[in-house]
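So this block is protein.cif, mmCIF, C-alpha atoms:
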data_input
#
loop_
_atom_site.label_atom_id
_atom_site.label_comp_id
_atom_site.auth_asym_id
_atom_site.auth_seq_id
_atom_site.Cartn_x
_atom_site.Cartn_y
_atom_site.Cartn_z
CA MET Q 1 -20.72 -0.16 9.25
CA LEU Q 2 -17.52 -1.42 7.69
CA ASN Q 3 -15.49 0.14 4.90
CA ARG Q 4 -12.13 -1.66 4.55
CA ILE Q 5 -10.32 -2.52 1.37
CA ILE Q 6 -7.02 -4.24 0.65
CA ILE Q 7 -5.62 -4.23 -2.88
CA MET Q 8 -2.34 -5.47 -4.31
CA GLY Q 9 -0.88 -4.38 -7.62
CA ARG Q 10 1.97 -2.66 -9.40
CA LEU Q 11 2.49 1.10 -9.45
CA VAL Q 12 1.68 2.54 -12.86
CA ARG Q 13 4.06 5.50 -12.40
CA ASP Q 14 6.37 6.99 -9.78
CA PRO Q 15 4.47 8.62 -6.92
CA GLU Q 16 5.07 12.34 -6.35
CA LEU Q 17 4.92 13.96 -2.94
CA ARG Q 18 2.82 17.12 -2.63
CA THR Q 19 1.92 19.24 0.37
CA THR Q 20 -1.32 21.00 1.17
CA GLN Q 21 -1.40 24.70 2.06
CA SER Q 22 -1.37 23.65 5.71
CA GLY Q 23 1.81 21.59 5.17
CA ILE Q 24 0.30 18.08 5.17
CA SER Q 25 2.02 15.56 2.88
CA VAL Q 26 -0.13 13.78 0.30
CA THR Q 27 0.49 11.55 -2.69
CA SER Q 28 -1.74 9.93 -5.28
CA PHE Q 29 -0.79 6.86 -7.26
CA THR Q 30 -2.45 4.19 -9.36
CA LEU Q 31 -2.14 0.45 -8.85
CA ALA Q 32 -2.64 -1.98 -11.74
CA VAL Q 33 -4.53 -4.85 -10.11
CA ASP Q 34 -5.07 -8.10 -12.03
CA ARG Q 35 -8.40 -9.84 -11.62
CA ASP Q 36 -8.41 -13.39 -10.27
CA PHE Q 37 -10.14 -14.87 -13.29
CA LYS Q 38 -9.43 -14.93 -17.01
CA ASN Q 39 -11.53 -13.28 -19.69
CA ARG Q 40 -13.69 -15.90 -21.39
CA ASP Q 41 -13.01 -14.51 -24.90
CA SER Q 42 -9.29 -13.72 -24.79
CA GLY Q 43 -8.13 -16.15 -22.09
CA GLU Q 44 -6.18 -13.35 -20.39
CA LYS Q 45 -6.69 -11.69 -17.03
CA ASN Q 46 -8.21 -8.21 -17.11
CA THR Q 47 -6.54 -5.45 -15.15
CA ASP Q 48 -8.20 -2.74 -13.07
CA PHE Q 49 -6.40 0.56 -12.54
CA ILE Q 50 -7.27 1.74 -9.03
CA ASP Q 51 -6.45 5.21 -7.73
CA VAL Q 52 -4.95 5.41 -4.23
CA VAL Q 53 -4.39 8.46 -2.01
CA ALA Q 54 -2.03 8.42 0.99
CA TRP Q 55 -1.58 11.17 3.57
CA ARG Q 56 1.08 12.29 6.06
CA GLN Q 57 3.81 9.74 6.96
CA THR Q 58 2.27 7.09 4.71
CA ALA Q 59 2.57 9.47 1.74
CA GLU Q 60 6.20 10.23 2.59
CA PHE Q 61 6.96 6.52 2.96
CA VAL Q 62 5.40 5.67 -0.43
CA CYS Q 63 7.28 8.45 -2.23
CA LYS Q 64 10.59 7.49 -0.65
CA TYR Q 65 10.52 3.72 -1.22
CA PHE Q 66 8.15 2.95 -4.12
CA SER Q 67 8.59 3.52 -7.83
CA LYS Q 68 6.95 2.55 -11.11
CA GLY Q 69 6.52 -1.21 -11.45
CA ARG Q 70 6.95 -1.96 -7.74
CA MET Q 71 4.38 -4.29 -6.20
CA ALA Q 72 2.44 -2.62 -3.38
CA VAL Q 73 -0.34 -3.60 -1.01
CA ALA Q 74 -2.63 -0.73 0.00
CA GLU Q 75 -4.97 -1.06 2.96
CA GLY Q 76 -7.58 1.56 3.74
CA ARG Q 77 -11.10 2.62 2.91
CA LEU Q 78 -12.99 3.14 -0.33
CA GLN Q 79 -14.06 6.72 -0.95
CA ILE Q 80 -16.42 7.99 -3.63
CA ARG Q 81 -15.99 11.65 -4.63
CA ASP Q 82 -18.41 13.78 -6.61
CA TRP Q 83 -16.90 16.53 -8.79
CA LYS Q 84 -17.59 18.66 -11.85
CA ASP Q 85 -15.57 18.46 -15.04
CA ARG Q 86 -14.55 21.46 -17.21
CA ASP Q 87 -17.88 21.38 -19.01
CA GLY Q 88 -19.84 21.47 -15.73
CA ASN Q 89 -20.93 17.83 -15.94
CA ASN Q 90 -21.28 15.92 -12.66
CA ARG Q 91 -18.74 13.10 -12.26
CA ARG Q 92 -17.93 10.44 -9.67
CA SER Q 93 -14.58 8.92 -8.84
CA ALA Q 94 -13.71 5.98 -6.61
CA GLU Q 95 -10.37 5.87 -4.82
CA VAL Q 96 -8.74 4.06 -1.94
CA VAL Q 97 -7.64 6.29 0.95
CA ALA Q 98 -4.69 4.27 2.25
CA ASP Q 99 -4.03 3.92 5.96
CA ASN Q 100 -1.08 1.56 5.37
CA VAL Q 101 1.01 0.66 2.35
CA TYR Q 102 3.18 -2.47 2.35
CA PHE Q 103 5.71 -3.98 0.00
CA GLY Q 104 4.14 -6.69 -2.17
CA ASP Q 105 7.49 -7.99 -3.36
CA SER Q 106 11.04 -8.13 -2.15
CA LYS Q 107 13.57 -5.57 -3.27
CA ARG Q 108 15.30 -8.41 -5.12
CA ASP Q 109 12.11 -9.00 -7.15
CA SER Q 110 11.82 -5.32 -8.01
CA ALA Q 111 15.14 -5.32 -9.92
CA SER Q 112 17.73 -3.84 -7.56
CA GLY Q 113 19.71 -5.09 -4.60
CA ASP Q 114 18.66 -7.60 -1.99
CA SER Q 115 15.82 -7.60 0.47
CA TYR Q 116 18.01 -6.66 3.43
CA GLY Q 117 18.27 -2.95 3.89
CA SER Q 118 14.78 -2.34 2.58
CA PRO Q 119 12.46 -0.80 5.12
CA PRO Q 120 9.59 -2.70 6.72
CA PRO Q 121 6.03 -1.88 5.68
CA TYR Q 122 4.80 1.35 7.17
CA GLY Q 123 3.06 0.48 10.39
CA ALA Q 124 5.30 -2.52 11.15
CA PRO Q 125 6.08 -3.00 14.85
CA ALA Q 126 9.05 -1.07 16.21
CA SER Q 127 10.80 -4.35 16.97
CA TYR Q 128 11.02 -5.28 13.27
CA GLY Q 129 14.68 -4.54 12.75
CA GLY Q 130 17.77 -3.57 14.62
CA GLY Q 131 19.33 -0.12 14.53
CA GLY Q 132 18.40 2.85 12.43
CA SER Q 133 15.48 5.14 12.89
CA GLY Q 134 12.37 6.06 11.00
CA TYR Q 135 9.35 4.09 9.92
CA GLY Q 136 8.85 0.86 11.80
CA GLY Q 137 11.84 1.42 14.07
CA GLY Q 138 14.64 0.18 11.82
CA TYR Q 139 15.67 -0.76 8.33
CA GLY Q 140 18.33 -3.39 8.85
CA ALA Q 141 17.89 -7.13 8.78
CA PRO Q 142 15.49 -8.38 11.42
CA SER Q 143 17.30 -8.83 14.71
CA ALA Q 144 17.80 -12.34 16.04
CA GLU Q 145 15.63 -11.64 19.10
CA PRO Q 146 13.05 -8.95 18.47
CA SER Q 147 12.11 -7.12 21.63
CA GLY Q 148 8.59 -7.61 22.95
CA PHE Q 149 8.36 -11.27 21.90
CA ALA Q 150 8.95 -14.32 24.06
CA GLU Q 151 9.26 -17.96 23.14
CA ILE Q 152 6.33 -20.13 24.21
CA ASP Q 153 7.01 -23.48 25.83
CA ASP Q 154 5.44 -26.33 23.81
CA GLN Q 155 4.15 -27.89 27.04
CA ASP Q 156 2.00 -24.89 28.01
CA GLY Q 157 -1.48 -26.36 28.54
CA ASP Q 158 -3.11 -22.94 28.94
CA LEU Q 159 -3.07 -22.13 25.24
CA PRO Q 160 -6.61 -22.08 23.77
CA PHE Q 161 -5.56 -23.74 20.51
#

Would you kindly transcribe this structure into structure tokens?
Amino acid sequence: MLNRIIIMGRLVRDPELRTTQSGISVTSFTLAVDRDFKNRDSGEKNTDFIDVVAWRQTAEFVCKYFSKGRMAVAEGRLQIRDWKDRDGNNRRSAEVVADNVYFGDSKRDSASGDSYGSPPPYGAPASYGGGGSGYGGGYGAPSAEPSGFAEIDDQDGDLPF
């Protein structure tokens, strides 16, 4: 079975960090995701508003670095929840439970500063940037020679492609 989803859209409002009674960080946010095609009648693209939930370090990362209007890419699984409203009626809600959240734009595109100094997407390899500590191993500009990578000689006949 496979349940993976990747969506990209803009945050509808600032995410807020909450904690469960057991101290686990969680945040919920909504992404406005444009459809790929235009409406036949109006000629405009329709927008879906998709709820996303992030837990633990991913939740902390989202709350620290994302704000209303920022483009985000959420990767995770689709979850359907059954619940009862105030009147006792049965309801269903669909939401994305995010494993990873990435920047969908550069900091420059989001209205402040330049792209250097912005953190890598949560889950980026530790060799992404030099110095610093925290998510992804560093927040500075990518180092000239990231550790863990080696240049491949063009004459290597053992490559399968």

The PyMOL selection byres ((chain Q and resi 9-25) around 8) applied to the shown file, residues as a VMD selection string: chain Q and resid 7 to 8 26 to 34 55 to 57 59 to 60 62 to 63 66 to 73 104

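From atom CA of Q:Thr47 back to atom CA of Q:Asn100, the distance works out to 22.4 Å.
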
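For the set Q:Gly76, Q:Tyr65, Q:Glu44, Q:Val52, the residue with the smallest atom-to-atom gap to Q:Glu95 is Q:Val52, counting all atoms listed in the file.
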
Minimum-distance residue to Q:Phe49, chosen among Q:Asp99, Q:Asp85, Q:Asp105, Q:Ala94 (using only C-alpha atoms): Q:Ala94

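Closest approach to Q:Phe103 from the set Q:Gly43, Q:Met1, Q:Ala74, Q:Thr58 is made by Q:Ala74, with distances taken over only C-alpha atoms.
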
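Computed from the coordinates, the atom CA of Q:Ile50 to atom CA of Q:Phe37 distance equals 17.4 Å.
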
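Note that atom CA of Q:Lys64 and atom CA of Q:Arg77 are 22.5 Å apart.
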